[in-house]
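Here's run_21.csv, which has CSV, C-alpha atoms and all ligand atoms:
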```
chain,number,residue,atom,x,y,z
A,768,MET,CA,0.0,0.0,0.0
A,769,ALA,CA,1.3,3.5,-0.9
A,770,LYS,CA,2.6,5.6,2.0
A,771,LYS,CA,0.1,8.1,3.4
A,772,VAL,CA,0.8,11.8,3.5
A,773,LYS,CA,1.5,12.7,7.1
A,774,VAL,CA,-0.2,16.0,8.1
A,775,GLY,CA,0.1,18.3,11.1
A,776,PHE,CA,-2.4,21.1,11.9
A,777,VAL,CA,-1.6,24.4,13.6
A,778,GLY,CA,-4.9,25.6,14.9
A,779,CYS,CA,-8.0,23.4,15.6
A,780,GLY,CA,-10.7,26.1,15.5
A,781,GLY,CA,-13.6,26.9,13.1
A,782,ILE,CA,-11.9,26.6,9.7
A,783,ALA,CA,-9.8,23.6,10.8
A,784,GLY,CA,-13.0,21.8,11.4
A,785,PHE,CA,-14.0,22.3,7.7
A,786,HIS,CA,-10.7,20.6,6.6
A,787,PHE,CA,-11.0,17.9,9.3
A,788,ALA,CA,-14.3,16.7,7.7
A,789,HIS,CA,-12.5,16.4,4.4
A,790,PHE,CA,-9.6,14.4,5.9
A,791,GLU,CA,-12.1,11.9,7.2
A,792,LYS,CA,-12.9,11.2,3.6
A,793,MET,CA,-9.2,11.0,2.5
A,794,THR,CA,-8.0,8.2,4.8
A,795,GLU,CA,-6.6,6.1,2.0
A,796,LYS,CA,-4.1,8.8,1.1
A,797,ALA,CA,-3.6,11.1,4.0
A,798,GLN,CA,-3.4,11.0,7.8
A,799,ILE,CA,-3.5,13.7,10.4
A,800,VAL,CA,-0.8,12.6,12.8
A,801,ALA,CA,-0.3,15.7,14.9
A,802,VAL,CA,-2.3,18.7,15.9
A,803,CYS,CA,-1.6,21.8,18.0
A,804,ASP,CA,-3.7,24.6,19.5
A,805,LEU,CA,-3.1,27.1,22.2
A,806,VAL,CA,-6.5,25.9,23.6
A,807,ASP,CA,-5.6,22.5,25.0
A,808,GLU,CA,-9.1,21.1,24.8
A,809,ARG,CA,-9.3,21.8,21.1
A,810,ALA,CA,-6.0,20.0,20.4
A,811,GLN,CA,-7.0,17.1,22.7
A,812,ASN,CA,-10.4,16.6,21.1
A,813,THR,CA,-8.9,16.7,17.6
A,814,ALA,CA,-6.1,14.4,18.5
A,815,ALA,CA,-8.7,11.9,19.8
A,816,ARG,CA,-10.8,12.2,16.6
A,817,PHE,CA,-7.8,11.4,14.4
A,818,LYS,CA,-5.7,9.2,16.8
A,819,ALA,CA,-3.1,11.9,16.4
A,820,THR,CA,-0.7,13.5,19.0
A,821,ALA,CA,-1.8,16.7,20.6
A,822,TYR,CA,0.6,19.7,21.1
A,823,LYS,CA,0.2,23.1,22.6
A,824,ASP,CA,3.3,24.6,20.8
A,825,TRP,CA,3.9,24.2,17.1
A,826,ARG,CA,7.7,24.3,17.8
A,827,ASP,CA,7.4,21.0,19.7
A,828,MET,CA,5.1,19.5,17.1
A,829,LEU,CA,7.6,20.3,14.3
A,830,ALA,CA,10.6,19.1,16.4
A,831,LYS,CA,9.0,15.8,17.4
A,832,GLU,CA,7.1,14.8,14.3
A,833,LYS,CA,8.2,13.9,10.8
A,834,LEU,CA,5.5,15.6,8.8
A,835,ASP,CA,5.0,15.7,5.1
A,836,ALA,CA,2.7,18.7,5.2
A,837,VAL,CA,1.4,21.4,7.6
A,838,TYR,CA,-2.0,23.1,7.6
A,839,VAL,CA,-2.0,26.6,9.2
A,840,CYS,CA,-5.5,27.5,10.4
A,841,ILE,CA,-5.0,30.3,12.9
A,842,GLU,CA,-6.3,33.9,13.3
A,843,PRO,CA,-4.7,36.5,10.9
A,844,CYS,CA,-2.5,38.1,13.5
A,845,ALA,CA,-0.9,34.9,14.7
A,846,HIS,CA,1.2,33.9,11.6
A,847,GLU,CA,4.2,36.2,12.1
A,848,LEU,CA,5.9,36.2,15.5
A,849,LYS,CA,8.1,39.1,16.4
A,850,GLY,CA,11.7,37.9,16.5
A,851,SER,CA,11.1,34.2,15.9
A,852,GLY,CA,9.8,34.0,12.3
A,853,GLY,CA,6.6,32.2,12.4
A,854,MET,CA,5.3,28.6,11.9
A,855,GLU,CA,5.2,28.8,8.1
A,856,LEU,CA,8.9,29.6,7.9
A,857,ALA,CA,9.8,26.8,10.4
A,858,ALA,CA,7.7,24.3,8.5
A,859,ILE,CA,9.4,25.3,5.3
A,860,GLU,CA,12.8,24.9,6.9
A,861,GLN,CA,11.8,21.3,7.7
A,862,GLY,CA,10.8,20.7,4.1
A,863,CYS,CA,7.0,20.4,4.8
A,864,HIS,CA,4.5,21.2,2.1
A,865,LEU,CA,2.2,24.0,3.3
A,866,PHE,CA,-1.5,24.9,3.2
A,867,VAL,CA,-2.3,28.2,4.8
A,868,GLU,CA,-5.8,29.6,5.4
A,869,LYS,CA,-6.6,33.1,4.1
A,870,PRO,CA,-5.5,35.8,4.8
A,871,VAL,CA,-2.1,34.2,4.7
A,872,ALA,CA,-0.5,37.0,6.8
A,873,MET,CA,-1.1,40.6,7.9
A,874,SER,CA,2.0,42.0,6.2
A,875,MET,CA,3.4,41.7,2.7
A,876,ALA,CA,6.9,41.4,4.2
A,877,TYR,CA,6.1,38.1,6.0
A,878,ALA,CA,3.9,36.7,3.1
A,879,ASN,CA,6.8,37.4,0.6
A,880,LYS,CA,9.3,35.7,2.9
A,881,VAL,CA,7.1,32.6,3.1
A,882,LEU,CA,6.6,32.7,-0.7
A,883,ALA,CA,10.4,32.9,-1.3
A,884,GLY,CA,10.9,29.9,1.1
A,885,LEU,CA,8.3,27.8,-0.7
A,886,LYS,CA,9.9,28.6,-4.1
A,887,LYS,CA,13.4,28.0,-2.9
A,888,LYS,CA,12.5,24.5,-1.5
A,889,LYS,CA,10.1,23.8,-4.3
A,890,LEU,CA,7.4,22.8,-1.8
A,891,ILE,CA,3.7,22.1,-2.8
A,892,ASN,CA,1.6,25.0,-1.4
A,893,GLY,CA,-2.1,26.0,-1.2
A,894,ALA,CA,-4.2,28.7,0.4
A,895,GLY,CA,-7.8,28.7,1.5
A,896,PHE,CA,-9.6,30.2,-1.4
A,897,GLN,CA,-11.9,27.2,-1.9
A,898,ASP,CA,-14.3,29.1,-4.1
A,899,ARG,CA,-11.9,28.6,-7.0
A,900,TYR,CA,-12.7,24.9,-6.9
A,901,GLN,CA,-16.4,25.3,-7.7
A,902,ASP,CA,-17.6,23.3,-10.7
A,903,ILE,CA,-19.2,26.4,-12.2
A,904,MET,CA,-15.8,28.2,-12.5
A,905,PRO,CA,-14.8,26.8,-16.0
A,906,TYR,CA,-18.2,27.8,-17.3
A,907,MET,CA,-18.0,31.3,-15.9
A,908,LYS,CA,-14.5,31.7,-17.2
A,909,ASN,CA,-15.5,30.5,-20.6
A,910,TRP,CA,-18.5,32.7,-20.8
A,911,LEU,CA,-16.5,35.8,-19.7
A,912,SER,CA,-13.6,35.0,-22.1
A,913,LYS,CA,-16.0,35.8,-25.0
A,914,LYS,CA,-17.4,39.0,-23.5
A,915,ASP,CA,-16.2,42.6,-23.2
A,916,VAL,CA,-16.4,43.3,-19.5
A,917,ALA,CA,-16.8,47.0,-18.7
A,918,PHE,CA,-17.1,47.1,-14.9
A,919,ILE,CA,-17.9,44.9,-11.9
A,920,ASN,CA,-19.5,45.4,-8.6
A,921,GLY,CA,-18.4,43.0,-5.8
A,922,TYR,CA,-19.7,42.8,-2.3
A,923,TRP,CA,-19.4,41.0,1.0
A,924,VAL,CA,-22.1,42.4,3.3
A,925,GLY,CA,-23.4,40.7,6.4
A,926,GLY,CA,-23.1,40.4,10.2
A,927,MET,CA,-20.0,40.3,12.4
A,928,PRO,CA,-18.4,36.9,13.0
A,929,GLY,CA,-18.3,35.8,16.6
A,930,VAL,CA,-14.6,34.9,17.1
A,931,TRP,CA,-12.8,37.2,19.6
A,932,TRP,CA,-10.2,38.4,17.2
A,933,TRP,CA,-12.5,39.6,14.4
A,934,ARG,CA,-13.5,43.0,15.8
A,935,ARG,CA,-10.1,44.6,16.0
A,936,ARG,CA,-8.0,45.7,13.1
A,937,GLU,CA,-4.7,44.6,14.7
A,938,THR,CA,-6.0,41.0,15.1
A,939,SER,CA,-8.1,40.4,12.0
A,940,GLY,CA,-6.9,43.0,9.6
A,941,GLY,CA,-10.4,44.3,9.3
A,942,GLN,CA,-13.2,43.1,7.0
A,943,ALA,CA,-11.5,43.8,3.7
A,944,VAL,CA,-8.5,41.6,4.8
A,945,GLU,CA,-10.4,38.9,6.6
A,946,GLN,CA,-13.6,38.4,4.6
A,947,THR,CA,-13.8,40.5,1.5
A,948,ILE,CA,-10.4,39.0,0.5
A,949,HIS,CA,-12.5,36.1,-1.0
A,950,ILE,CA,-14.0,38.6,-3.4
A,951,PHE,CA,-10.6,40.2,-4.2
A,952,ASP,CA,-9.3,36.8,-4.9
A,953,MET,CA,-12.2,35.9,-7.1
A,954,VAL,CA,-12.1,39.1,-9.2
A,955,ARG,CA,-8.4,38.5,-9.7
A,956,TYR,CA,-9.1,34.9,-10.7
A,957,LEU,CA,-11.7,36.1,-13.2
A,958,PHE,CA,-10.3,39.5,-14.5
A,959,GLY,CA,-6.5,39.3,-13.8
A,960,GLU,CA,-4.1,41.6,-12.2
A,961,VAL,CA,-5.2,44.7,-10.2
A,962,VAL,CA,-3.0,47.7,-10.9
A,963,ALA,CA,-4.5,50.4,-8.7
A,964,VAL,CA,-6.6,50.5,-5.5
A,965,GLN,CA,-8.5,53.4,-4.0
A,966,ALA,CA,-10.8,53.1,-1.0
A,967,PHE,CA,-13.0,54.8,1.5
A,968,GLY,CA,-14.1,53.3,4.8
A,969,ARG,CA,-16.6,54.5,7.4
A,970,ARG,CA,-17.4,53.9,11.0
A,971,GLY,CA,-20.2,54.9,13.3
A,972,VAL,CA,-22.9,52.5,12.0
A,973,ILE,CA,-22.1,49.9,14.7
A,974,THR,CA,-22.3,51.6,18.1
A,975,ASP,CA,-23.1,48.7,20.4
A,976,VAL,CA,-20.2,46.3,20.1
A,977,GLU,CA,-17.5,46.4,22.8
A,978,ASN,CA,-13.9,46.5,21.9
A,979,TYR,CA,-14.6,47.1,18.2
A,980,ASP,CA,-12.3,49.3,16.3
A,981,THR,CA,-12.5,48.6,12.5
A,982,GLU,CA,-14.6,49.9,9.6
A,983,ASP,CA,-18.3,49.1,9.5
A,984,ALA,CA,-18.4,49.6,5.8
A,985,SER,CA,-16.0,50.3,2.9
A,986,ALA,CA,-16.0,50.9,-0.8
A,987,VAL,CA,-12.9,49.8,-2.7
A,988,ASN,CA,-12.3,51.0,-6.3
A,989,LEU,CA,-10.1,48.7,-8.4
A,990,GLN,CA,-8.5,49.1,-11.8
A,991,PHE,CA,-7.4,46.0,-13.6
A,992,GLU,CA,-4.5,45.6,-16.1
A,993,SER,CA,-7.1,44.5,-18.6
A,994,GLY,CA,-8.9,47.9,-18.4
A,995,VAL,CA,-11.8,46.5,-16.4
A,996,ILE,CA,-12.8,48.7,-13.4
A,997,GLY,CA,-14.8,47.9,-10.4
A,998,THR,CA,-15.9,48.6,-6.9
A,999,VAL,CA,-16.0,46.1,-4.0
A,1000,TYR,CA,-18.1,46.8,-1.0
A,1001,SER,CA,-17.7,45.4,2.5
A,1002,GLY,CA,-20.2,45.7,5.4
A,1003,CYS,CA,-20.5,43.9,8.7
A,1004,PHE,CA,-23.4,45.8,10.2
A,1005,THR,CA,-26.5,43.9,9.1
A,1006,ASN,CA,-28.0,40.6,10.3
A,1007,CYS,CA,-30.9,41.0,7.9
A,1008,GLY,CA,-29.7,38.8,5.2
A,1009,GLY,CA,-26.1,39.2,3.9
A,1010,LYS,CA,-25.1,39.3,0.3
A,1011,CYS,CA,-21.8,38.2,-1.1
A,1012,GLY,CA,-21.0,38.1,-4.8
A,1013,ILE,CA,-20.0,39.9,-7.9
A,1014,ASP,CA,-22.2,41.6,-10.5
A,1015,ILE,CA,-20.5,41.7,-13.9
A,1016,TYR,CA,-21.5,44.2,-16.6
A,1017,CYS,CA,-20.5,43.5,-20.2
A,1018,LYS,CA,-21.3,44.8,-23.6
A,1019,ASP,CA,-24.7,43.4,-24.4
A,1020,ALA,CA,-24.6,40.9,-21.5
A,1021,ARG,CA,-24.6,40.7,-17.7
A,1022,MET,CA,-23.6,38.1,-15.1
A,1023,ASP,CA,-24.5,37.8,-11.4
A,1024,TYR,CA,-22.3,35.6,-9.4
A,1025,THR,CA,-23.5,34.6,-5.9
A,1026,GLU,CA,-20.5,33.6,-3.7
A,1027,SER,CA,-20.3,29.8,-3.3
A,1028,ALA,CA,-23.7,29.2,-4.8
A,1029,GLY,CA,-23.8,29.8,-8.6
A,1030,PHE,CA,-24.3,32.3,-11.4
A,1031,LYS,CA,-26.9,33.7,-13.7
A,1032,ALA,CA,-25.9,35.1,-17.1
A,1033,TYR,CA,-28.1,37.2,-19.3
A,1034,GLU,CA,-27.8,37.8,-23.0
A,1035,PRO,CA,-30.4,39.2,-25.4
A,1036,ASN,CA,-31.6,35.7,-26.5
A,1037,LEU,CA,-30.1,33.5,-23.8
A,1038,ASN,CA,-30.3,33.2,-20.1
A,1039,ILE,CA,-28.1,30.8,-18.1
A,1040,ASP,CA,-28.7,29.8,-14.5
A,1041,MET,CA,-26.1,27.5,-13.0
A,1042,LYS,CA,-25.8,26.3,-9.4
A,1043,THR,CA,-22.6,25.2,-7.8
A,1044,GLY,CA,-22.9,21.4,-7.6
A,1045,ASN,CA,-19.7,20.0,-6.2
A,1046,ASP,CA,-18.1,19.7,-2.8
A,1047,TYR,CA,-15.5,22.3,-3.6
A,1048,GLY,CA,-14.0,22.4,-0.1
A,1049,GLN,CA,-13.3,18.7,-0.4
A,1050,GLU,CA,-11.8,19.2,-3.8
A,1051,GLU,CA,-9.5,21.9,-2.4
A,1052,ASP,CA,-8.1,19.4,0.2
A,1053,ASP,CA,-8.0,16.5,-2.3
A,1054,ALA,CA,-6.0,18.7,-4.7
A,1055,PHE,CA,-3.5,19.6,-2.1
A,1056,ILE,CA,-2.9,16.0,-1.0
A,1057,ASP,CA,-2.9,14.8,-4.6
A,1058,ALA,CA,-0.4,17.5,-5.6
A,1059,ILE,CA,2.0,16.2,-2.9
A,1060,ILE,CA,1.6,12.6,-3.9
A,1061,GLU,CA,2.0,13.3,-7.6
A,1062,LYS,CA,4.6,16.1,-7.0
A,1063,ASP,CA,2.5,18.4,-9.2
A,1064,GLN,CA,1.8,21.9,-8.0
A,1065,SER,CA,-0.3,22.6,-11.1
A,1066,LEU,CA,-3.2,20.6,-9.5
A,1067,ILE,CA,-3.7,23.4,-7.1
A,1068,LEU,CA,-6.0,26.2,-8.2
A,1069,SER,CA,-5.3,28.5,-5.2
A,1070,PRO,CA,-1.5,28.5,-4.7
A,1071,TYR,CA,0.1,30.6,-1.9
A,1072,SER,CA,1.4,33.1,-4.5
A,1073,GLU,CA,-2.1,34.0,-5.6
A,1074,ALA,CA,-3.1,34.4,-1.9
A,1075,VAL,CA,-0.3,36.9,-1.5
A,1076,LYS,CA,-1.6,38.9,-4.5
A,1077,ALA,CA,-5.1,39.0,-3.0
A,1078,LEU,CA,-3.6,40.1,0.3
A,1079,GLU,CA,-1.7,42.9,-1.5
A,1080,VAL,CA,-5.0,44.2,-2.8
A,1081,ALA,CA,-6.8,44.0,0.6
A,1082,LEU,CA,-3.8,45.7,2.4
A,1083,ALA,CA,-3.8,48.4,-0.2
A,1084,ALA,CA,-7.5,49.0,0.4
A,1085,ASN,CA,-6.7,49.4,4.2
A,1086,GLU,CA,-3.8,51.8,3.4
A,1087,SER,CA,-6.0,53.9,1.1
A,1088,MET,CA,-8.9,54.1,3.5
A,1089,ASP,CA,-6.6,54.9,6.4
A,1090,ASN,CA,-5.2,57.8,4.4
A,1091,GLY,CA,-8.4,59.5,3.3
A,1092,GLY,CA,-8.8,57.6,0.0
A,1093,THR,CA,-5.3,57.9,-1.5
A,1094,LEU,CA,-4.6,56.1,-4.8
A,1095,ILE,CA,-2.3,53.1,-4.4
A,1096,ARG,CA,-0.6,51.8,-7.5
A,1097,LEU,CA,0.4,48.2,-7.4
A,1098,LYS,CA,2.2,48.1,-10.7
B,1101,LIG,N1,-11.5,29.7,3.8
B,1101,LIG,C1,-12.6,30.2,4.4
B,1101,LIG,O1,-13.7,30.3,3.9
B,1101,LIG,C2,-12.4,30.5,5.9
B,1101,LIG,C3,-13.5,30.5,6.7
B,1101,LIG,C4,-13.4,30.8,8.1
B,1101,LIG,C5,-12.1,31.2,8.5
B,1101,LIG,N2,-11.1,31.3,7.7
B,1101,LIG,C6,-9.7,31.8,8.1
B,1101,LIG,O2,-9.1,30.8,8.9
B,1101,LIG,C7,-8.4,31.4,10.0
B,1101,LIG,C8,-8.9,30.9,11.3
B,1101,LIG,O3,-10.2,31.2,11.5
B,1101,LIG,P1,-11.2,30.4,12.5
B,1101,LIG,O4,-12.5,30.8,12.2
B,1101,LIG,O5,-10.8,29.0,12.4
B,1101,LIG,O6,-10.7,31.0,13.9
B,1101,LIG,P2,-10.8,30.3,15.3
B,1101,LIG,O7,-10.5,31.4,16.3
B,1101,LIG,O8,-12.0,29.5,15.4
B,1101,LIG,O9,-9.6,29.2,15.3
B,1101,LIG,C9,-8.2,29.6,15.3
B,1101,LIG,C10,-7.5,28.7,16.2
B,1101,LIG,O10,-6.1,28.9,16.1
B,1101,LIG,C11,-5.5,28.7,17.4
B,1101,LIG,N3,-4.2,29.3,17.4
B,1101,LIG,C12,-3.9,30.6,17.3
B,1101,LIG,N4,-2.6,30.8,17.4
B,1101,LIG,C13,-2.0,29.6,17.6
B,1101,LIG,C14,-0.7,29.2,17.7
B,1101,LIG,N5,0.4,30.0,17.7
B,1101,LIG,N6,-0.5,27.8,17.9
B,1101,LIG,C15,-1.5,27.0,17.9
B,1101,LIG,N7,-2.8,27.3,17.7
B,1101,LIG,C16,-3.0,28.6,17.6
B,1101,LIG,C17,-6.5,29.3,18.3
B,1101,LIG,O11,-6.3,28.9,19.7
B,1101,LIG,C18,-7.8,28.8,17.7
B,1101,LIG,O12,-8.3,27.6,18.3
B,1101,LIG,C19,-8.6,32.9,9.8
B,1101,LIG,O13,-7.5,33.5,9.1
B,1101,LIG,C20,-9.8,33.0,8.9
B,1101,LIG,O14,-9.8,34.1,8.1
B,1101,LIG,C21,-11.2,30.9,6.4
```
What would the structure in this file look like if it were written as structure tokens?
Amino acid sequence: MAKKVKVGFVGCGGIAGFHFAHFEKMTEKAQIVAVCDLVDERAQNTAARFKATAYKDWRDMLAKEKLDAVYVCIEPCAHELKGSGGMELAAIEQGCHLFVEKPVAMSMAYANKVLAGLKKKKLINGAGFQDRYQDIMPYMKNWLSKKDVAFINGYWVGGMPGVWWWRRRETSGGQAVEQTIHIFDMVRYLFGEVVAVQAFGRRGVITDVENYDTEDASAVNLQFESGVIGTVYSGCFTNCGGKCGIDIYCKDARMDYTESAGFKAYEPNLNIDMKTGNDYGQEEDDAFIDAIIEKDQSLILSPYSEAVKALEVALAANESMDNGGTLIRLK
């Protein structure tokens, strides 16, 4: 029987649970052998679930285990540690393939260091933009490739996630970096490189949340290398039905994409209504493990390098809105 890919997890919280469910369906090719979390109970429960070893400190985990791959599923502010590098760099040093949840860091300096390490050691890498694995994507891309896209309107509007770290800029990065980055990634996936970013943010809509210090709403203007322009809205102030997606306006055609759900396309004599039909989260994890087994990075639709580019757009949005809407050129 072929050797299974031995995986370690840093972080056993919400999104780790999403991946754990997929690993339970990949037992013939991968095995979670070690897990760590600062919250002991989370590490212990996960270890029991997978017959793995529980750790509190990722340094111990990396020192004691011989891992093929590491998943990093921690809050945005916890990647980079002042003075001691961070778990991604340590895992790379040990030759581990790496999957990192989005946003992959809170600074371009750290994200670029990790990217350089992955390239230098030629390690398989992935990042948590699972929407790229939806079965509708090739149809959307094909439809768009034949259209003249003029502008787009993206949005991630809803309520505030309950995790402790979300409501402060210094721990989450704010909504553009933590949530709307899914839309920034998707618009890059569909329309290519972003060359300029300009944003406004506002506060004062949310007045009843303690210890909250980030934007309630923002509007981020984007200019793409292709000539396409667009605005991406974020809002975390409403619990009356959120809305996440992208409206795409083309010459003589229109497409409405609903995040994780499907798209509708309208042309003068043709309407298309397609729903996402696959388990794209499962496919994301299958692709990562298969890429390791087959030594083929091209199986991964959301490599770390792409996540770094989405981060660059989101951080530029923050920088612009923090400076009264200045124009940030990325190229
Ligand atoms: N891809 C997606 O759709 C998606 C969805 C939700 C969250 N996320 C991302 O996943 C990340 C985690 O979010 P979450 O909702 O799972 O948060 P969470 O708070 O539920 O879990 C994070 C866990 O990491 C642990 N942790 C933090 N620092 C650690 C360290 N140094 N060593 C070991 N454990 C450590 C915490 O104790 C916690 O249990 C965030 O960056 C978030 O943006 C992605």
Could you build a table of the residues in chain A lying no more than 6 Å from ligand LIG 1101 (chain B), giving for each the nearest pair of atoms and their separation in Å rounded to one decimal place, using only C-alpha atoms and all ligand atoms, ordered by chain and ascending residue number, as a tab-separated table?
```
residue	atom	partner	partner_atom	distance
A:Val777	CA	B:LIG1101	C15	5.0
A:Gly778	CA	B:LIG1101	O10	3.7
A:Cys779	CA	B:LIG1101	O12	5.0
A:Gly780	CA	B:LIG1101	O9	3.3
A:Gly781	CA	B:LIG1101	O5	3.6
A:Ile782	CA	B:LIG1101	O5	3.8
A:Ala783	CA	B:LIG1101	O5	5.7
A:Cys803	CA	B:LIG1101	C15	5.2
A:Asp804	CA	B:LIG1101	N7	3.4
A:Leu805	CA	B:LIG1101	O11	4.4
A:Val806	CA	B:LIG1101	O11	4.9
A:Asp824	CA	B:LIG1101	N6	5.8
A:Trp825	CA	B:LIG1101	N6	5.7
A:Cys840	CA	B:LIG1101	C7	4.9
A:Ile841	CA	B:LIG1101	O10	3.7
A:Glu842	CA	B:LIG1101	C19	4.3
A:Pro843	CA	B:LIG1101	O13	4.5
A:Ala845	CA	B:LIG1101	N4	5.2
A:Glu868	CA	B:LIG1101	O2	5.0
A:Lys869	CA	B:LIG1101	O13	5.1
A:Pro870	CA	B:LIG1101	O13	5.3
A:Gly895	CA	B:LIG1101	N1	4.5
A:Phe896	CA	B:LIG1101	N1	5.6
A:Val930	CA	B:LIG1101	O7	5.4
A:Glu945	CA	B:LIG1101	O14	5.1
```
Output for the residues just chosen: C-alpha atoms as a short mmCIF file (atom, residue, chain, number, x, y, z; two decimals), keeping the file's coordinate frame:
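And here's out-v4.cif as it stands now:
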```cif
data_model
loop_
_atom_site.label_atom_id
_atom_site.label_comp_id
_atom_site.auth_asym_id
_atom_site.auth_seq_id
_atom_site.Cartn_x
_atom_site.Cartn_y
_atom_site.Cartn_z
CA VAL A 777 -1.60 24.40 13.60
CA GLY A 778 -4.90 25.60 14.90
CA CYS A 779 -8.00 23.40 15.60
CA GLY A 780 -10.70 26.10 15.50
CA GLY A 781 -13.60 26.90 13.10
CA ILE A 782 -11.90 26.60 9.70
CA ALA A 783 -9.80 23.60 10.80
CA CYS A 803 -1.60 21.80 18.00
CA ASP A 804 -3.70 24.60 19.50
CA LEU A 805 -3.10 27.10 22.20
CA VAL A 806 -6.50 25.90 23.60
CA ASP A 824 3.30 24.60 20.80
CA TRP A 825 3.90 24.20 17.10
CA CYS A 840 -5.50 27.50 10.40
CA ILE A 841 -5.00 30.30 12.90
CA GLU A 842 -6.30 33.90 13.30
CA PRO A 843 -4.70 36.50 10.90
CA ALA A 845 -0.90 34.90 14.70
CA GLU A 868 -5.80 29.60 5.40
CA LYS A 869 -6.60 33.10 4.10
CA PRO A 870 -5.50 35.80 4.80
CA GLY A 895 -7.80 28.70 1.50
CA PHE A 896 -9.60 30.20 -1.40
CA VAL A 930 -14.60 34.90 17.10
CA GLU A 945 -10.40 38.90 6.60
#
```
Rows by chain and residue number, stretch 810-854 of chain A within 9 Å of stretch 872-878 of chain A, shortest pair, only C-alpha atoms, as a Markdown table:
```
| residue | atom | partner | partner_atom | distance |
| --- | --- | --- | --- | --- |
| A:Pro843 | CA | A:Ala872 | CA | 5.9 |
| A:Cys844 | CA | A:Met873 | CA | 6.3 |
| A:Ala845 | CA | A:Ala872 | CA | 8.2 |
| A:His846 | CA | A:Ala872 | CA | 6.0 |
| A:Glu847 | CA | A:Tyr877 | CA | 6.7 |
| A:Gly852 | CA | A:Tyr877 | CA | 8.4 |
| A:Gly853 | CA | A:Tyr877 | CA | 8.7 |
```
Legend entry - Distance criterion (only C-alpha atoms): nearest to A:Arg969 out of A:Gly926, A:Pro1070, A:Gly1009, A:Gly1002: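 Looking only at the distances to A:Arg969, the closest residue turns out to be A:Gly1002.
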Inset, instruction - Figure out the distance between atom CA of A:Val1075 and atom CA of A:Ala801, please, to one decimal in Å. - result: 26.8 Å
Inset, instruction - Please indicate the distance in Å from atom CA of A:Leu1037 to atom CA of A:Ala1020, rounded to one decimal place. - result: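 The value is 9.5 Å.
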Inset, instruction - Can you work out the spacing between atom CA of A:Ala1084 and atom CA of A:Thr974 in Å, to one decimal? - result: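 The value is 23.2 Å.
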Inset, instruction - Would you please work out which residue, of A:Gln1049, A:Asn1085, A:Asn892, A:Thr1043, is nearest to A:Tyr906 when using only C-alpha atoms? - result: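 For A:Tyr906, the nearest of the given residues is A:Thr1043.
Near (12.5, 20.4, 12.4), the residues that fall inside 10 Å on the basis of only C-alpha atoms are Arg826, Asp827, Met828, Leu829, Ala830, Lys831, Glu832, Lys833, Leu834, Ala857, Ala858, Ile859, Glu860, Gln861, Gly862 and Cys863 of chain A.
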Inset, instruction - Using all atoms listed in the file, find the one residue out of A:Leu957, A:Ile1060, A:Ile1067, A:Ala797 that sits nearest to A:Met907. - result: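 Checking each of A:Leu957, A:Ile1060, A:Ile1067, A:Ala797 against A:Met907, counting all atoms listed in the file, the winner is A:Leu957.
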Legend entry - Within 12 Å of A:Gly1092 using all atoms listed in the file, minus same-chain residues under 2 positions, as a ChimeraX atom specification: /A:964-969,985-988,1083-1090,1094-1095
Write the residues you've just listed into a file as an mmCIF file, in the coordinates of the input, and include C-alpha atoms for each of them.
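Generated output (part_39.cif):
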```cif
data_model
loop_
_atom_site.group_PDB
_atom_site.id
_atom_site.type_symbol
_atom_site.label_atom_id
_atom_site.label_comp_id
_atom_site.auth_asym_id
_atom_site.auth_seq_id
_atom_site.Cartn_x
_atom_site.Cartn_y
_atom_site.Cartn_z
ATOM 1 C CA VAL A 964 -6.600 50.500 -5.500
ATOM 2 C CA GLN A 965 -8.500 53.400 -4.000
ATOM 3 C CA ALA A 966 -10.800 53.100 -1.000
ATOM 4 C CA PHE A 967 -13.000 54.800 1.500
ATOM 5 C CA GLY A 968 -14.100 53.300 4.800
ATOM 6 C CA ARG A 969 -16.600 54.500 7.400
ATOM 7 C CA SER A 985 -16.000 50.300 2.900
ATOM 8 C CA ALA A 986 -16.000 50.900 -0.800
ATOM 9 C CA VAL A 987 -12.900 49.800 -2.700
ATOM 10 C CA ASN A 988 -12.300 51.000 -6.300
ATOM 11 C CA ALA A 1083 -3.800 48.400 -0.200
ATOM 12 C CA ALA A 1084 -7.500 49.000 0.400
ATOM 13 C CA ASN A 1085 -6.700 49.400 4.200
ATOM 14 C CA GLU A 1086 -3.800 51.800 3.400
ATOM 15 C CA SER A 1087 -6.000 53.900 1.100
ATOM 16 C CA MET A 1088 -8.900 54.100 3.500
ATOM 17 C CA ASP A 1089 -6.600 54.900 6.400
ATOM 18 C CA ASN A 1090 -5.200 57.800 4.400
ATOM 19 C CA LEU A 1094 -4.600 56.100 -4.800
ATOM 20 C CA ILE A 1095 -2.300 53.100 -4.400
#
```
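For the choices A:Phe790, A:Tyr922, A:Tyr838, A:Phe1055, the atom-to-atom distance to A:Val954 is smallest for A:Tyr922 when using all atoms listed in the file.
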Inset, instruction - For the point (-1.7, 14.7, -2.9) in the file's frame, write as a PyMOL selection string all residues with an atom no more than 12 Å away, counting only C-alpha atoms. - result: chain A and resi 769-774+790+793-798+835-836+864-866+891-893+1050-1067
Legend entry - 12 Å contact set for A:Leu911, all atoms listed in the file, chain neighbours under 4 positions out, as a ChimeraX atom specification: /A:904-907,915-917,954,956-958,1015-1018,1020-1024,1030,1032-1034
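The closest residue to A:Val995, picked from A:Gln946, A:Thr981, A:Asn920, A:Asn1045 and counting only C-alpha atoms, is A:Asn920.
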Inset, instruction - Pick out the closest residue to A:Glu992 from this set: A:Lys1010, A:Lys792, A:Lys1098, A:Arg816. Count only C-alpha atoms. - result: A:Lys1098
